[in-house]
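Here is the structure we will look at, set down as structure tokens.
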Amino acid sequence: MKKYLLLFILILFSSSFFAQEMGSSPIGQKDFQLWLDAGFKYKVNKKFDLLFEAAYRRENNLADINENYIEVQAQTDPLKFLVFSGGYRLSGWYDQALVNRLFAYAKFEFEADRFRFQYRIRYDYNFNGEIKELPANFRNKIKVKYRTRKFPLDPYLAYELYYRTNYQDRRFSQQRIDAGLDYSISKKQSISAYYRYQQQLNAVAPAQNFILGISYSIDI
């Protein structure tokens, strides 16, 4: 078990160091943000689910609204360790404009003892009829979660790296590091709280965001 955990930690930190080497040394604006979201999952059958989510985010040290969005996605798990999903998001951001997003991802996960390891590769395509050059990204994310025995909270760590595909020279654009706790309210309800460090990469003065997030979900 220890070798899997050590391998994950090595991958997480080596990815972070590599991304920072690709970025710039000057530090830009620092900001504290709050991200809230809630969603529900409807199980159509054993292999197919529909998911709906709404979110509210604040920025500028909580003084201003950052983004609101609604999202719908379809999800299937053809194999025990594999999940495919795709969906659509409508959000208000980018100077208050409405932005459309299409996304798709594949997620692989396995368990070893009380640890759950997860890797997800995702592609986001953002578009708006009046705004050109909105970012499109490949997002690679690794996550490890520990299922506690008698304690109600399950801790996890995650690292995500963005690679922008529609920039003139294509580049790593952002990284995220998460530390969080999952709590099962009941068999069908759960809540998650996390602290996220988010940093721009390959920018003259990369912005850094320190984010407190809370997510609620329910199965219906």
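Letters for chains follow the order of the structure tokens (A, B, ...), residue numbers begin at 1 for each chain, and ligand numbers begin at 1 in the order shown.
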Which residues come within 8 Å of segment 183-198 of chain A, counting only C-alpha atoms, excluding same-chain residues fewer than 5 positions away, as a VMD selection string? chain A and resid 152 to 154 174 to 178 208 to 220
Could those residues be written to a file, using C-alpha atoms, as a CSV table (one decimal), in the first residue's frame?
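Generated output (out.csv):
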```
chain,number,residue,atom,x,y,z
A,152,PRO,CA,-17.0,10.6,9.6
A,153,LEU,CA,-14.6,12.6,7.4
A,154,ASP,CA,-12.6,11.2,4.5
A,174,GLN,CA,-2.9,26.9,-14.8
A,175,GLN,CA,-2.3,24.5,-11.9
A,176,ARG,CA,-4.5,23.7,-8.9
A,177,ILE,CA,-3.6,21.9,-5.6
A,178,ASP,CA,-6.5,20.8,-3.3
A,208,GLN,CA,-2.6,33.3,-7.3
A,209,ASN,CA,-6.0,32.4,-5.8
A,210,PHE,CA,-6.6,30.9,-2.4
A,211,ILE,CA,-10.0,29.3,-2.5
A,212,LEU,CA,-12.4,27.9,0.1
A,213,GLY,CA,-14.9,25.6,-1.6
A,214,ILE,CA,-18.0,23.8,-0.3
A,215,SER,CA,-19.9,21.3,-2.5
A,216,TYR,CA,-23.2,19.5,-1.7
A,217,SER,CA,-24.7,16.6,-3.7
A,218,ILE,CA,-27.7,14.3,-3.5
A,219,ASP,CA,-28.8,11.2,-5.4
A,220,ILE,CA,-32.5,11.1,-6.4
```
Have a look at A:Pro78, A:Leu90, A:Tyr159, A:Asn202 and name the one nearest to Gln118 of chain A; count only C-alpha atoms. A:Tyr159
What separation in Å, quoted to one decimal, exists between atom CA of Lys132 of chain A and atom CA of Glu71 of chain A? 22.2 Å
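The space separating atom CA of Asn61 of chain A from atom CA of Leu36 of chain A comes to 14.8 Å.
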Strand (DSSP E or B) call set, DSSP backbone run, segment 2-220 of chain A, as an NGL selection string: :A and (30-45 or 48-59 or 64-79 or 82-93 or 97-112 or 115-128 or 131 or 136-146 or 153-164 or 171-184 or 189-200 or 208-219)
Excluding Ala106 of chain A and residues on its chain fewer than 4 positions from it, collect all residues at most 12 Å away from it, counting only C-alpha atoms, and give them as a ChimeraX atom specification. /A:75-79,81-86,118-123,138-141
Keeping N, CA and C atoms for every residue in the selection just given, could you write it to a file as a PDB file, in the first residue's frame?
```
ATOM      1  N   GLN A  75     -23.412  10.661 -17.789  1.00  0.00           N
ATOM      2  CA  GLN A  75     -22.270   9.882 -17.306  1.00  0.00           C
ATOM      3  C   GLN A  75     -22.558   8.392 -17.411  1.00  0.00           C
ATOM      4  N   THR A  76     -21.566   7.632 -17.832  1.00  0.00           N
ATOM      5  CA  THR A  76     -21.694   6.188 -17.915  1.00  0.00           C
ATOM      6  C   THR A  76     -20.425   5.526 -17.402  1.00  0.00           C
ATOM      7  N   ASP A  77     -20.551   4.356 -16.817  1.00  0.00           N
ATOM      8  CA  ASP A  77     -19.394   3.607 -16.315  1.00  0.00           C
ATOM      9  C   ASP A  77     -19.412   2.196 -16.907  1.00  0.00           C
ATOM     10  N   PRO A  78     -18.879   2.026 -18.124  1.00  0.00           N
ATOM     11  CA  PRO A  78     -18.893   0.723 -18.786  1.00  0.00           C
ATOM     12  C   PRO A  78     -18.088  -0.334 -18.046  1.00  0.00           C
ATOM     13  N   LEU A  79     -17.066   0.102 -17.304  1.00  0.00           N
ATOM     14  CA  LEU A  79     -16.246  -0.800 -16.508  1.00  0.00           C
ATOM     15  C   LEU A  79     -16.174  -0.281 -15.075  1.00  0.00           C
ATOM     16  N   PHE A  81     -13.737   0.379 -13.208  1.00  0.00           N
ATOM     17  CA  PHE A  81     -12.675   1.351 -12.950  1.00  0.00           C
ATOM     18  C   PHE A  81     -12.701   2.531 -13.910  1.00  0.00           C
ATOM     19  N   LEU A  82     -13.704   2.603 -14.798  1.00  0.00           N
ATOM     20  CA  LEU A  82     -13.701   3.608 -15.852  1.00  0.00           C
ATOM     21  C   LEU A  82     -15.041   4.329 -15.938  1.00  0.00           C
ATOM     22  N   VAL A  83     -14.986   5.659 -16.047  1.00  0.00           N
ATOM     23  CA  VAL A  83     -16.177   6.499 -16.189  1.00  0.00           C
ATOM     24  C   VAL A  83     -15.973   7.447 -17.368  1.00  0.00           C
ATOM     25  N   PHE A  84     -16.987   7.557 -18.226  1.00  0.00           N
ATOM     26  CA  PHE A  84     -17.002   8.545 -19.298  1.00  0.00           C
ATOM     27  C   PHE A  84     -18.127   9.542 -19.012  1.00  0.00           C
ATOM     28  N   SER A  85     -17.870  10.823 -19.325  1.00  0.00           N
ATOM     29  CA  SER A  85     -18.896  11.835 -19.097  1.00  0.00           C
ATOM     30  C   SER A  85     -18.732  12.975 -20.090  1.00  0.00           C
ATOM     31  N   GLY A  86     -19.839  13.640 -20.374  1.00  0.00           N
ATOM     32  CA  GLY A  86     -19.824  14.818 -21.226  1.00  0.00           C
ATOM     33  C   GLY A  86     -20.989  15.710 -20.852  1.00  0.00           C
ATOM     34  N   GLN A 118      -7.301   8.126  -8.239  1.00  0.00           N
ATOM     35  CA  GLN A 118      -8.106   8.551  -9.386  1.00  0.00           C
ATOM     36  C   GLN A 118      -7.264   9.402 -10.339  1.00  0.00           C
ATOM     37  N   TYR A 119      -7.447   9.133 -11.627  1.00  0.00           N
ATOM     38  CA  TYR A 119      -6.858   9.983 -12.660  1.00  0.00           C
ATOM     39  C   TYR A 119      -7.967  10.380 -13.623  1.00  0.00           C
ATOM     40  N   ARG A 120      -8.025  11.672 -13.968  1.00  0.00           N
ATOM     41  CA  ARG A 120      -9.051  12.175 -14.895  1.00  0.00           C
ATOM     42  C   ARG A 120      -8.402  13.048 -15.953  1.00  0.00           C
ATOM     43  N   ILE A 121      -8.764  12.790 -17.207  1.00  0.00           N
ATOM     44  CA  ILE A 121      -8.366  13.686 -18.288  1.00  0.00           C
ATOM     45  C   ILE A 121      -9.632  14.296 -18.865  1.00  0.00           C
ATOM     46  N   ARG A 122      -9.636  15.623 -18.992  1.00  0.00           N
ATOM     47  CA  ARG A 122     -10.849  16.351 -19.373  1.00  0.00           C
ATOM     48  C   ARG A 122     -10.502  17.402 -20.425  1.00  0.00           C
ATOM     49  N   TYR A 123     -11.459  17.651 -21.323  1.00  0.00           N
ATOM     50  CA  TYR A 123     -11.295  18.715 -22.312  1.00  0.00           C
ATOM     51  C   TYR A 123     -12.461  19.687 -22.193  1.00  0.00           C
ATOM     52  N   PHE A 138      -7.003  21.139 -22.126  1.00  0.00           N
ATOM     53  CA  PHE A 138      -6.919  19.787 -21.601  1.00  0.00           C
ATOM     54  C   PHE A 138      -6.569  19.912 -20.132  1.00  0.00           C
ATOM     55  N   ARG A 139      -7.269  19.153 -19.287  1.00  0.00           N
ATOM     56  CA  ARG A 139      -7.043  19.213 -17.854  1.00  0.00           C
ATOM     57  C   ARG A 139      -6.722  17.813 -17.327  1.00  0.00           C
ATOM     58  N   ASN A 140      -5.548  17.665 -16.759  1.00  0.00           N
ATOM     59  CA  ASN A 140      -5.127  16.403 -16.173  1.00  0.00           C
ATOM     60  C   ASN A 140      -5.169  16.518 -14.654  1.00  0.00           C
ATOM     61  N   LYS A 141      -5.869  15.578 -14.025  1.00  0.00           N
ATOM     62  CA  LYS A 141      -6.042  15.652 -12.575  1.00  0.00           C
ATOM     63  C   LYS A 141      -5.769  14.296 -11.939  1.00  0.00           C
TER      64      LYS A 141
END
```
Just to confirm, what's the straight-line distance from atom CA of Val99 of chain A to atom CA of Asn126 of chain A in Å (one decimal)?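 About the pair atom CA of Val99 of chain A and atom CA of Asn126 of chain A: they are 6.7 Å apart.
Comparing the minimum interatomic distances between Phe52 of chain A and each of A:Gln33, A:Gln199, A:Asn128, A:Gln73, counting only C-alpha atoms, we find that A:Gln73 sits nearest.
Across A:Ile65, A:Lys47, A:Asp182, A:Ser173, the tightest approach to Pro206 of chain A is made by A:Ser173 when counting only C-alpha atoms.
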Give the alpha helix (DSSP H) residues of segment 10-197 of chain A, as DSSP finds them on the backbone, and put them as a list of chain:residue names.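 So, restricting segment 10-197 of chain A to alpha helix (DSSP H), we get A:Leu10, A:Ile11, A:Leu12, A:Phe13, A:Ser14, A:Ser15, A:Ser16, A:Phe17, A:Phe18, A:Ala19, A:Gln20, A:Glu21, A:Met22.
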Pick from A:Leu98, A:Leu161, A:Ala74, A:Ala205 nearest to Val44 of chain A, counting only C-alpha atoms: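 The shortest atom-to-atom distance to Val44 of chain A comes from A:Ala74.
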